[in-house]
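Below: entry.tsv (TSV, C-alpha atoms)
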```tsv
chain	number	residue	atom	x	y	z
V	1	MET	CA	7.87	12.86	-3.31
V	2	ARG	CA	9.94	9.73	-2.74
V	3	HIS	CA	10.12	6.88	-0.29
V	4	PHE	CA	12.61	7.58	2.50
V	5	GLY	CA	12.64	11.18	1.28
V	6	HIS	CA	12.36	12.31	4.91
V	7	VAL	CA	15.70	10.62	5.65
V	8	ALA	CA	18.85	12.73	5.42
V	9	PRO	CA	20.69	12.38	2.06
V	10	GLU	CA	23.89	11.08	3.67
V	11	GLU	CA	21.90	8.42	5.50
V	12	ARG	CA	20.17	7.36	2.27
V	13	GLN	CA	23.57	6.97	0.66
V	14	ARG	CA	24.62	4.64	3.47
V	15	LEU	CA	21.43	2.58	3.19
V	16	PHE	CA	20.89	2.29	-0.54
V	17	HIS	CA	22.77	0.76	-3.43
V	18	ARG	CA	20.18	2.51	-5.61
V	19	GLU	CA	18.05	5.18	-3.95
V	20	PRO	CA	14.26	5.36	-4.37
V	21	ALA	CA	13.25	7.47	-7.36
V	22	VAL	CA	11.35	10.73	-7.14
V	23	PHE	CA	7.75	10.59	-8.40
V	24	THR	CA	4.77	12.94	-8.51
V	25	ALA	CA	1.00	12.63	-8.63
V	26	ASP	CA	1.34	12.96	-12.41
V	27	SER	CA	3.72	10.02	-12.80
V	28	PRO	CA	2.66	7.03	-14.95
V	29	THR	CA	-0.01	4.77	-13.52
V	30	GLY	CA	2.33	1.79	-13.12
V	31	VAL	CA	4.79	3.85	-11.09
V	32	LEU	CA	2.09	5.21	-8.78
V	33	ALA	CA	0.51	1.79	-8.27
V	34	ALA	CA	3.86	0.35	-7.20
V	35	ALA	CA	4.68	3.39	-5.06
V	36	LEU	CA	1.52	3.45	-2.90
V	37	GLY	CA	3.27	1.60	-0.10
V	38	ALA	CA	1.55	1.87	3.27
V	39	THR	CA	-1.68	3.74	2.51
V	40	LEU	CA	-2.69	5.43	5.75
V	41	TYR	CA	-6.41	5.85	6.42
V	42	SER	CA	-7.74	8.81	8.41
V	43	PRO	CA	-11.35	9.71	9.27
V	44	ALA	CA	-12.42	12.87	7.44
V	45	THR	CA	-13.89	14.17	10.70
V	46	ARG	CA	-10.50	14.99	12.23
V	47	PRO	CA	-10.54	18.69	13.19
V	48	ARG	CA	-6.87	19.21	12.22
V	49	LEU	CA	-6.96	17.03	9.13
V	50	ALA	CA	-4.79	19.32	6.99
V	51	ASP	CA	-2.11	19.46	9.69
V	52	ASP	CA	-2.27	15.67	10.05
V	53	VAL	CA	-1.69	15.22	6.32
V	54	VAL	CA	1.37	17.48	6.34
V	55	LYS	CA	2.71	15.82	9.49
V	56	GLN	CA	2.39	12.31	8.10
V	57	ALA	CA	4.01	13.33	4.80
V	58	SER	CA	7.00	14.64	6.76
V	59	ARG	CA	7.28	11.21	8.41
V	60	GLY	CA	7.46	9.23	5.20
V	61	VAL	CA	3.80	8.60	4.29
V	62	VAL	CA	3.30	8.85	0.51
V	63	SER	CA	-0.38	7.88	0.21
V	64	MET	CA	-3.38	8.61	2.42
V	65	VAL	CA	-7.12	7.94	2.30
V	66	LEU	CA	-9.45	10.47	3.90
V	67	CYS	CA	-12.44	8.36	4.83
V	68	LEU	CA	-16.13	9.24	4.62
V	69	GLU	CA	-17.28	5.65	4.93
V	70	ASP	CA	-16.92	3.03	7.69
V	71	SER	CA	-14.54	5.04	9.89
V	72	ILE	CA	-17.23	7.62	10.68
V	73	GLY	CA	-20.79	7.36	11.94
V	74	ASP	CA	-23.78	7.64	9.64
V	75	ALA	CA	-24.87	10.82	11.36
V	76	ASP	CA	-21.48	12.47	10.78
V	77	VAL	CA	-21.32	12.28	6.99
V	78	THR	CA	-22.46	15.84	6.26
V	79	ALA	CA	-20.11	17.35	8.84
V	80	ALA	CA	-17.26	15.16	7.57
V	81	GLU	CA	-17.81	16.34	3.99
V	82	GLU	CA	-17.77	19.96	5.11
V	83	ASN	CA	-14.63	19.40	7.15
V	84	LEU	CA	-12.92	17.62	4.26
V	85	VAL	CA	-13.63	20.48	1.84
V	86	ARG	CA	-12.57	23.10	4.39
V	87	GLN	CA	-9.36	21.31	5.35
V	88	LEU	CA	-8.25	20.54	1.78
V	89	SER	CA	-8.99	24.11	0.73
V	90	ALA	CA	-6.79	25.34	3.57
V	91	LEU	CA	-4.07	22.87	2.60
V	92	ALA	CA	-4.22	24.01	-1.02
V	93	GLY	CA	-3.65	27.56	0.17
V	94	THR	CA	-0.47	26.64	2.04
V	95	PRO	CA	2.41	27.27	-0.41
V	96	ASP	CA	5.03	25.09	1.29
V	97	ALA	CA	2.79	22.10	1.97
V	98	GLU	CA	3.88	18.90	0.23
V	99	PRO	CA	1.02	16.44	0.74
V	100	PRO	CA	1.19	12.76	-0.18
V	101	LEU	CA	-1.07	11.15	-2.77
V	102	LEU	CA	-4.54	11.83	-1.40
V	103	PHE	CA	-7.68	9.76	-1.98
V	104	VAL	CA	-11.19	10.12	-0.56
V	105	ARG	CA	-13.16	7.05	0.42
V	106	VAL	CA	-16.78	7.79	-0.44
V	107	ARG	CA	-20.03	6.05	0.44
V	108	TYR	CA	-22.04	6.49	-2.75
V	109	PRO	CA	-21.33	7.60	-6.34
V	110	GLU	CA	-23.01	11.01	-6.10
V	111	GLN	CA	-20.44	12.14	-3.56
V	112	ILE	CA	-17.67	12.09	-6.16
V	113	PRO	CA	-18.84	14.88	-8.53
V	114	ASP	CA	-20.33	16.78	-5.60
V	115	LEU	CA	-17.03	16.87	-3.67
V	116	VAL	CA	-15.03	17.72	-6.78
V	117	ALA	CA	-17.32	20.69	-7.46
V	118	ARG	CA	-17.18	21.88	-3.84
V	119	LEU	CA	-13.38	21.60	-3.71
V	120	GLY	CA	-12.91	23.89	-6.68
V	121	PRO	CA	-9.20	24.64	-7.23
V	122	ALA	CA	-8.28	22.49	-4.21
V	123	VAL	CA	-9.15	19.41	-6.27
V	124	ARG	CA	-5.56	19.56	-7.55
V	125	LEU	CA	-4.57	17.89	-4.26
V	126	LEU	CA	-6.69	14.81	-4.98
V	127	SER	CA	-5.34	11.77	-6.77
V	128	GLY	CA	-8.66	9.95	-6.73
V	129	PHE	CA	-11.33	8.08	-4.81
V	130	VAL	CA	-11.63	4.77	-2.95
V	131	LEU	CA	-14.78	2.89	-3.94
V	132	PRO	CA	-16.28	0.67	-1.20
V	133	LYS	CA	-17.91	-2.76	-1.46
V	134	PHE	CA	-17.09	-2.95	-5.14
V	135	THR	CA	-18.93	-5.38	-7.41
V	136	GLU	CA	-19.94	-5.15	-11.06
V	137	GLU	CA	-23.38	-3.78	-10.21
V	138	ARG	CA	-22.13	-1.28	-7.61
V	139	GLY	CA	-18.93	-0.42	-9.44
V	140	VAL	CA	-20.32	0.92	-12.70
V	141	PRO	CA	-22.12	3.94	-11.14
V	142	PHE	CA	-19.01	4.80	-9.12
V	143	LEU	CA	-16.75	4.71	-12.16
V	144	GLU	CA	-19.24	6.65	-14.28
V	145	ALA	CA	-19.36	9.32	-11.55
V	146	LEU	CA	-15.56	9.39	-11.46
V	147	THR	CA	-15.43	9.88	-15.23
V	148	GLU	CA	-17.94	12.73	-14.96
V	149	ALA	CA	-15.95	14.40	-12.19
V	150	GLU	CA	-12.68	13.99	-14.06
V	151	ALA	CA	-14.12	15.70	-17.14
V	152	ALA	CA	-15.54	18.52	-15.02
V	153	CYS	CA	-12.30	19.35	-13.20
V	154	GLY	CA	-9.86	18.55	-16.02
V	155	ARG	CA	-7.66	16.51	-13.72
V	156	ARG	CA	-6.74	12.82	-13.83
V	157	LEU	CA	-8.56	11.02	-11.03
V	158	PHE	CA	-7.90	7.40	-10.13
V	159	ALA	CA	-10.19	4.79	-8.63
V	160	MET	CA	-9.18	2.28	-5.98
V	161	PRO	CA	-12.03	-0.24	-5.66
V	162	VAL	CA	-12.28	-2.11	-2.37
V	163	LEU	CA	-13.08	-5.81	-2.72
V	164	GLU	CA	-15.05	-6.56	0.45
V	165	SER	CA	-18.51	-7.69	-0.58
V	166	PRO	CA	-19.91	-10.93	0.90
V	167	ASP	CA	-20.56	-12.02	-2.69
V	168	LEU	CA	-16.79	-12.34	-3.07
V	169	LEU	CA	-16.57	-14.43	0.08
V	170	TYR	CA	-19.43	-16.86	-0.47
V	171	LEU	CA	-18.40	-19.86	-2.53
V	172	GLU	CA	-21.55	-20.03	-4.65
V	173	SER	CA	-21.20	-16.43	-5.89
V	174	ARG	CA	-17.43	-15.86	-5.81
V	175	ARG	CA	-16.52	-16.79	-9.37
V	176	GLU	CA	-19.38	-14.84	-10.94
V	177	THR	CA	-18.58	-11.81	-8.76
V	178	LEU	CA	-14.88	-11.92	-9.61
V	179	ASP	CA	-15.66	-12.19	-13.33
V	180	GLY	CA	-17.98	-9.20	-13.03
V	181	VAL	CA	-15.38	-7.13	-11.18
V	182	PHE	CA	-12.85	-7.93	-13.87
V	183	ARG	CA	-15.22	-6.84	-16.64
V	184	VAL	CA	-15.73	-3.46	-15.01
V	185	VAL	CA	-12.14	-2.68	-14.03
V	186	ASP	CA	-10.90	-3.88	-17.40
V	187	LYS	CA	-13.29	-1.48	-19.14
V	188	TYR	CA	-12.04	1.41	-16.98
V	189	ARG	CA	-8.46	0.14	-16.82
V	190	ASP	CA	-6.87	3.55	-17.37
V	191	ARG	CA	-8.64	4.89	-14.26
V	192	VAL	CA	-8.06	1.96	-11.86
V	193	LEU	CA	-4.85	2.48	-9.90
V	194	ALA	CA	-5.07	-0.53	-7.57
V	195	LEU	CA	-7.53	-2.95	-6.01
V	196	ARG	CA	-7.75	-3.03	-2.23
V	197	LEU	CA	-8.84	-5.97	-0.08
V	198	GLY	CA	-11.37	-5.44	2.71
V	199	VAL	CA	-10.47	-8.38	4.92
V	200	THR	CA	-12.19	-6.95	8.00
V	201	ASP	CA	-15.52	-7.07	6.14
V	202	PHE	CA	-14.78	-10.63	5.02
V	203	CYS	CA	-14.24	-11.68	8.63
V	204	SER	CA	-17.41	-9.86	9.69
V	205	SER	CA	-19.53	-12.09	7.46
V	206	TYR	CA	-18.62	-15.03	9.68
V	207	GLY	CA	-18.25	-13.24	13.00
V	208	LEU	CA	-14.47	-13.66	12.93
V	209	ARG	CA	-11.59	-11.49	14.05
V	210	ARG	CA	-7.97	-12.56	13.81
V	211	ALA	CA	-5.79	-12.25	16.89
V	212	PRO	CA	-2.59	-10.15	16.87
V	213	ASP	CA	-0.45	-13.27	16.56
V	214	MET	CA	-2.34	-14.40	13.44
V	215	THR	CA	-2.14	-13.13	9.89
V	216	ALA	CA	-4.96	-12.94	7.35
V	217	TYR	CA	-3.45	-16.06	5.80
V	218	ASP	CA	-4.07	-18.06	8.98
V	219	VAL	CA	-7.82	-17.48	8.57
V	220	GLN	CA	-8.43	-20.01	5.86
V	221	ILE	CA	-11.70	-18.64	4.54
V	222	VAL	CA	-10.02	-15.25	4.07
V	223	ALA	CA	-6.87	-16.76	2.60
V	224	SER	CA	-8.96	-18.55	-0.02
V	225	VAL	CA	-10.52	-15.27	-1.14
V	226	ILE	CA	-7.13	-13.55	-1.38
V	227	ALA	CA	-5.87	-16.43	-3.52
V	228	ASP	CA	-8.85	-16.22	-5.86
V	229	VAL	CA	-8.64	-12.43	-6.16
V	230	VAL	CA	-4.98	-12.67	-7.16
V	231	ASN	CA	-5.78	-15.58	-9.48
V	232	VAL	CA	-8.35	-13.59	-11.46
V	233	LEU	CA	-7.25	-9.97	-10.99
V	234	GLY	CA	-3.52	-10.03	-10.25
V	235	ARG	CA	-2.02	-11.93	-13.16
V	236	ALA	CA	1.38	-10.95	-14.57
V	237	ASP	CA	0.34	-11.41	-18.20
V	238	GLY	CA	-0.71	-7.81	-18.77
V	239	THR	CA	-4.34	-8.34	-17.76
V	240	GLY	CA	-3.79	-7.97	-14.03
V	241	PHE	CA	-3.89	-5.08	-11.58
V	242	THR	CA	-1.95	-4.15	-8.47
V	243	VAL	CA	-3.70	-5.73	-5.48
V	244	THR	CA	-2.81	-4.27	-2.08
V	245	GLY	CA	-2.46	-6.08	1.22
V	246	PRO	CA	-5.22	-6.12	3.88
V	247	VAL	CA	-5.34	-3.85	6.89
V	248	TRP	CA	-3.50	-4.74	10.10
V	249	GLU	CA	-5.87	-3.87	12.94
V	250	TYR	CA	-3.56	-3.83	15.94
V	251	PHE	CA	-1.38	-0.94	17.05
V	252	ARG	CA	-0.20	-1.78	20.54
V	253	VAL	CA	3.36	-1.27	19.35
V	254	GLN	CA	4.87	1.71	21.14
V	255	GLU	CA	7.67	3.16	19.04
V	256	ARG	CA	9.24	4.83	22.04
V	257	MET	CA	9.87	1.42	23.65
V	258	PHE	CA	12.37	0.37	21.01
V	259	LYS	CA	13.30	3.66	19.33
V	260	PRO	CA	16.40	4.18	21.56
V	261	GLN	CA	17.75	0.85	20.35
V	262	LEU	CA	16.98	1.74	16.75
V	263	ARG	CA	18.90	4.98	17.12
V	264	ARG	CA	22.15	3.20	18.02
V	265	SER	CA	23.93	3.17	14.70
V	266	PRO	CA	26.04	1.65	13.39
V	267	PHE	CA	24.88	-1.49	15.21
V	268	LEU	CA	27.34	-3.42	17.31
V	269	GLU	CA	27.68	-7.16	16.96
V	270	GLY	CA	24.59	-8.88	18.31
V	271	GLU	CA	22.46	-5.74	18.49
V	272	VAL	CA	20.52	-6.46	15.30
V	273	GLU	CA	19.25	-9.78	16.60
V	274	GLU	CA	18.55	-8.24	20.01
V	275	LEU	CA	16.50	-5.53	18.36
V	276	ARG	CA	14.66	-8.01	16.17
V	277	GLU	CA	13.61	-9.92	19.28
V	278	SER	CA	12.53	-6.63	20.88
V	279	LEU	CA	10.32	-5.78	17.94
V	280	ILE	CA	8.70	-9.22	18.00
V	281	ALA	CA	8.16	-8.99	21.75
V	282	HIS	CA	6.23	-5.76	21.26
V	283	ASP	CA	3.59	-7.36	19.02
V	284	MET	CA	5.11	-6.42	15.68
V	285	ASP	CA	5.73	-10.03	14.75
V	286	GLY	CA	2.23	-10.57	13.34
V	287	LEU	CA	2.44	-7.45	11.18
V	288	LEU	CA	5.90	-8.36	9.86
V	289	ARG	CA	4.81	-11.89	9.01
V	290	GLU	CA	1.70	-10.63	7.25
V	291	ILE	CA	3.68	-8.15	5.16
V	292	ALA	CA	6.03	-10.96	4.10
V	293	LEU	CA	3.07	-13.19	3.23
V	294	ASP	CA	1.43	-10.36	1.28
V	295	ARG	CA	4.51	-10.21	-0.92
V	296	ALA	CA	4.71	-13.98	-1.29
V	297	ASN	CA	1.07	-14.06	-2.41
V	298	GLY	CA	1.39	-11.36	-5.05
V	299	LEU	CA	0.18	-8.30	-3.11
V	300	LEU	CA	1.97	-4.96	-3.09
V	301	GLY	CA	1.41	-2.17	-0.58
V	302	LYS	CA	-0.87	-2.33	2.45
V	303	THR	CA	-3.85	-0.60	4.02
V	304	CYS	CA	-2.80	0.96	7.34
V	305	ILE	CA	-4.85	2.52	10.12
V	306	HIS	CA	-1.99	3.61	12.39
V	307	PRO	CA	1.21	5.55	11.65
V	308	SER	CA	3.35	2.96	13.45
V	309	HIS	CA	2.63	0.50	10.62
V	310	VAL	CA	3.96	2.70	7.84
V	311	MET	CA	7.71	2.30	8.17
V	312	PRO	CA	7.63	-1.50	8.66
V	313	VAL	CA	5.70	-1.76	5.38
V	314	HIS	CA	8.16	0.52	3.58
V	315	ALA	CA	11.27	-1.07	5.08
V	316	LEU	CA	10.11	-4.51	3.94
V	317	SER	CA	9.27	-3.13	0.49
V	318	VAL	CA	12.85	-2.10	-0.26
V	319	VAL	CA	14.45	-4.53	-2.70
V	320	SER	CA	17.40	-6.38	-1.24
V	321	HIS	CA	20.73	-6.31	-3.02
V	322	GLU	CA	20.39	-10.05	-3.64
V	323	GLU	CA	16.92	-9.70	-5.21
V	324	PHE	CA	18.18	-6.88	-7.41
V	325	SER	CA	21.19	-8.87	-8.53
V	326	ASP	CA	19.03	-11.86	-9.49
V	327	ALA	CA	16.47	-9.69	-11.32
V	328	GLN	CA	19.16	-7.92	-13.32
V	329	ASP	CA	20.79	-11.22	-14.30
V	330	ILE	CA	17.48	-12.69	-15.43
V	331	LEU	CA	16.60	-9.67	-17.57
V	332	ARG	CA	19.93	-9.27	-19.36
V	333	PRO	CA	19.32	-8.99	-23.15
V	334	GLU	CA	21.51	-12.00	-23.84
V	335	ARG	CA	19.18	-14.11	-21.65
V	336	LEU	CA	16.08	-13.57	-23.81
V	337	GLY	CA	16.35	-17.07	-25.18
V	338	GLY	CA	15.96	-18.58	-21.73
V	339	GLY	CA	18.15	-20.99	-19.85
V	340	VAL	CA	19.23	-21.55	-16.28
V	341	LEU	CA	21.99	-19.77	-14.40
V	342	ARG	CA	23.40	-19.79	-10.93
V	343	SER	CA	22.65	-16.74	-8.80
V	344	ALA	CA	25.55	-14.34	-8.28
V	345	TYR	CA	25.01	-15.07	-4.58
V	346	THR	CA	25.60	-18.78	-5.42
V	347	ASN	CA	22.60	-19.90	-3.36
V	348	LYS	CA	19.83	-20.49	-5.87
V	349	MET	CA	18.86	-21.30	-9.44
V	350	ASN	CA	17.58	-18.50	-11.68
V	351	GLU	CA	15.52	-19.97	-14.50
V	352	VAL	CA	15.18	-17.14	-17.00
V	353	LYS	CA	11.76	-17.69	-18.57
V	354	PRO	CA	9.76	-18.72	-15.46
V	355	HIS	CA	11.38	-16.02	-13.32
V	356	ARG	CA	11.09	-13.19	-15.86
V	357	ALA	CA	7.77	-11.79	-14.59
V	358	TRP	CA	9.10	-11.84	-11.02
V	359	ALA	CA	12.22	-10.01	-12.14
V	360	GLU	CA	10.21	-7.33	-13.95
V	361	ARG	CA	8.05	-6.71	-10.90
V	362	THR	CA	11.12	-6.64	-8.67
V	363	LEU	CA	12.79	-3.94	-10.78
V	364	GLN	CA	9.56	-1.93	-10.77
V	365	ARG	CA	9.54	-2.10	-6.97
V	366	ALA	CA	13.24	-1.21	-6.94
V	367	GLU	CA	12.51	1.96	-8.87
V	368	VAL	CA	10.15	3.36	-6.23
V	369	PHE	CA	11.46	1.78	-3.01
V	370	GLY	CA	15.13	1.57	-3.87
V	371	VAL	CA	17.72	-1.20	-3.54
V	372	ALA	CA	19.44	-1.73	-0.21
V	373	ASN	CA	23.19	-2.00	0.07
V	374	ALA	CA	24.44	-5.54	0.50
V	375	ASP	CA	25.03	-5.12	4.24
V	376	ILE	CA	21.73	-3.35	4.97
V	377	GLY	CA	18.65	-5.18	6.23
V	378	PHE	CA	15.17	-4.48	7.54
V	379	VAL	CA	16.21	-3.24	10.98
V	380	GLU	CA	18.59	-0.61	9.61
V	381	LEU	CA	15.95	0.62	7.15
V	382	LEU	CA	13.31	0.75	9.85
V	383	ALA	CA	15.65	2.59	12.20
V	384	ALA	CA	16.44	5.23	9.59
V	385	GLY	CA	12.80	5.73	8.62
V	386	LEU	CA	11.23	6.20	12.03
V	387	PRO	CA	10.39	9.84	12.82
V	388	ARG	CA	12.96	11.56	15.00
```
Will you turn the file into structure tokens for me?
Amino acid sequence: MRHFGHVAPEERQRLFHREPAVFTADSPTGVLAAALGATLYSPATRPRLADDVVKQASRGVVSMVLCLEDSIGDADVTAAEENLVRQLSALAGTPDAEPPLLFVRVRYPEQIPDLVARLGPAVRLLSGFVLPKFTEERGVPFLEALTEAEAACGRRLFAMPVLESPDLLYLESRRETLDGVFRVVDKYRDRVLALRLGVTDFCSSYGLRRAPDMTAYDVQIVASVIADVVNVLGRADGTGFTVTGPVWEYFRVQERMFKPQLRRSPFLEGEVEELRESLIAHDMDGLLREIALDRANGLLGKTCIHPSHVMPVHALSVVSHEEFSDAQDILRPERLGGGVLRSAYTNKMNEVKPHRAWAERTLQRAEVFGVANADIGFVELLAAGLPR
């Protein structure tokens, strides 16, 4: 699989200075963590779940979560488990199916070995499990169950803990809870692919819900938690983990309203700005701003609950030609001693030692999302990636 792999090869050549790399479910952990992109959630109760997975993969989705937790009712868990096993078994028996990275969001630890046993050979489709309301106390049984299931099936299985407990939100317990989470994920570091933020649960603790013109960073109590999570768990010194961006709840955007404009390519003078205004007018502005703020605050990838969110996340994840140029300059072997240099774009200072970690992360993102050509921006990437 690869990002923008659903786009025609000649179109990728037009868009990319360096195309996104191919990766598989067996790629190194660092590659997969960077490549998650827009992780699309789907309730495990969907009657055509296998078809949905194949359909979304053909539209550019590279990671999905099949949910047995909050997206379904308490009374539906048994039926959802049965449907999940049945649908994945059918998918495993389809020779031409190329599913994305698949994860199951469970409710309790015992579900992990139970589902792995019931899936049998179809477990080869699973990349791991999403662990809800993760704290030190709750996390250990989940990770022990994951280890047990991994040994039983002989397949590498990753964990993606969700940080959404009120103990992380409340000031008096936040530091202790974060320290406990770090102890657990550090112990099981080789099995933790990424940490996910449950911002909707954070808001619930105070009866809050952000409006479509507001980002998670406009809700100060939520923004403070994100900052502390990155502070403790997202450091660039080798101790940190990939932390993904929070879910965007709104999906009033109708692709068909602006798709005809996106399809006009190459763009005529003035059309790019016209299209940008059209996207903003159709309620995408909040999502785009939040994705940009995710990146600025050290988050990579995003939880998505609607397919219309996927390509904006991926288009904004592509490394610009300018970013790539700066990162390469900073990491040249002759720069190891440090120093300051002017950007090749002559618009900024690149200070080698302070910017080195940024440059390394940028090149890692470039590997999986590619590097855009100098004249290619977000709108062109979005236009190319939308399903035809």
> What does the distance from atom CA of V:Leu84 to atom CA of V:Tyr108 come to in Å, to one decimal?
Replying inline: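 Interatomic distance here is 16.0 Å.
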> Which residue gives the smallest distance to V:Ala315 among V:Glu380, V:Asp375, V:Glu360, V:Glu69, with all atoms listed in the file counted?
Replying inline: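 Result for the nearest residue to V:Ala315: V:Glu380.
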Quick one: residues within 10 Å of stretch 113-119 of chain V, all atoms listed in the file, excluding same-chain residues fewer than 4 positions away - as an mmCIF file with C-alpha atoms, in the frame of the given file?
```
data_model
loop_
_atom_site.group_PDB
_atom_site.id
_atom_site.type_symbol
_atom_site.label_atom_id
_atom_site.label_comp_id
_atom_site.auth_asym_id
_atom_site.auth_seq_id
_atom_site.Cartn_x
_atom_site.Cartn_y
_atom_site.Cartn_z
ATOM 1 C CA GLU V 81 -17.810 16.340 3.990
ATOM 2 C CA GLU V 82 -17.770 19.960 5.110
ATOM 3 C CA LEU V 84 -12.920 17.620 4.260
ATOM 4 C CA VAL V 85 -13.630 20.480 1.840
ATOM 5 C CA ARG V 86 -12.570 23.100 4.390
ATOM 6 C CA GLN V 87 -9.360 21.310 5.350
ATOM 7 C CA LEU V 88 -8.250 20.540 1.780
ATOM 8 C CA SER V 89 -8.990 24.110 0.730
ATOM 9 C CA ALA V 92 -4.220 24.010 -1.020
ATOM 10 C CA VAL V 104 -11.190 10.120 -0.560
ATOM 11 C CA VAL V 106 -16.780 7.790 -0.440
ATOM 12 C CA PRO V 109 -21.330 7.600 -6.340
ATOM 13 C CA VAL V 123 -9.150 19.410 -6.270
ATOM 14 C CA ARG V 124 -5.560 19.560 -7.550
ATOM 15 C CA LEU V 125 -4.570 17.890 -4.260
ATOM 16 C CA LEU V 126 -6.690 14.810 -4.980
ATOM 17 C CA ALA V 145 -19.360 9.320 -11.550
ATOM 18 C CA LEU V 146 -15.560 9.390 -11.460
ATOM 19 C CA THR V 147 -15.430 9.880 -15.230
ATOM 20 C CA GLU V 148 -17.940 12.730 -14.960
ATOM 21 C CA ALA V 149 -15.950 14.400 -12.190
ATOM 22 C CA GLU V 150 -12.680 13.990 -14.060
ATOM 23 C CA ALA V 151 -14.120 15.700 -17.140
ATOM 24 C CA ALA V 152 -15.540 18.520 -15.020
ATOM 25 C CA CYS V 153 -12.300 19.350 -13.200
#
```
>> Ranking V:Leu316, V:Ala383, V:Leu299, V:Leu101 by minimum distance to V:Asn231 and counting all atoms listed in the file, which one comes first?
In response: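 The closest residue to V:Asn231 is V:Leu299.
Minimum distance to V:Ala236 across V:Glu19, V:Ser317, V:Ile221, V:Trp358 (counting only C-alpha atoms) occurs at V:Trp358.
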> V:Arg289: which residues within 9 Å, counting all atoms listed in the file, same-chain residues fewer than 5 positions away excluded, as an MDAnalysis selection string?
Replying inline: chainID V and resid 214:215 284 294
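For V:Thr244, the list of residues within 10 Å, based on all atoms listed in the file and with local chain neighbours fewer than 6 positions off taken out, reads Ala33, Ala34, Leu36, Gly37, Ala38, Thr39, Met160, Val162, Ala194, Leu195, Arg196, Leu197, Gly198, Asp294, Arg295, Gly298, Leu299, Leu300, Gly301, Lys302 and Thr303 of chain V.
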> atom CA of V:Ile72 and atom CA of V:Phe202, how far apart in Å?
Replying inline: 19.3 Å
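With all atoms listed in the file as the atoms that count, the minimum distance from V:Ser224 to the choices V:Ala357, V:Val181, V:Ala21, V:Leu169 is reached by V:Leu169.
Between atom CA of V:Pro246 and atom CA of V:Val199 there is a distance of 5.8 Å.
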> Do you know which residues are at most 9 Å from V:Arg2 counting all atoms listed in the file, after dropping those on the same chain fewer than 3 positions away, and could you put them as a list of chain:residue names?
Replying inline: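 Those residues are V:Gly5, V:His6, V:Pro20, V:Ala21, V:Val22, V:Phe23, V:Thr24, V:Ala35, V:Gly60, V:Val62, V:Val368, V:Phe369.
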>> Counting all atoms listed in the file, which residue out of V:Phe103, V:Asp96, V:Val61, V:Pro47 sits closest to V:Val313?
In response: V:Val61
>> For V:Met349, find every residue with an atom within 10 Å (counting all atoms listed in the file), except residues of its own chain fewer than 6 positions away, and show them as a ChimeraX atom specification.
In response: /V:326,340-343,355
Emit the selected residues as a compact mmCIF listing (two decimals), in the frame of the given file, including C-alpha atoms.
```txt
# COMPACT_ATOMS: atom_id res chain seq x y z
CA ASP V 326 19.03 -11.86 -9.49
CA VAL V 340 19.23 -21.55 -16.28
CA LEU V 341 21.99 -19.77 -14.40
CA ARG V 342 23.40 -19.79 -10.93
CA SER V 343 22.65 -16.74 -8.80
CA HIS V 355 11.38 -16.02 -13.32
```
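With distances restricted to all atoms listed in the file, V:Phe324 is the closest residue to V:Leu363 from V:Phe378, V:Ser165, V:Phe324, V:Arg335.
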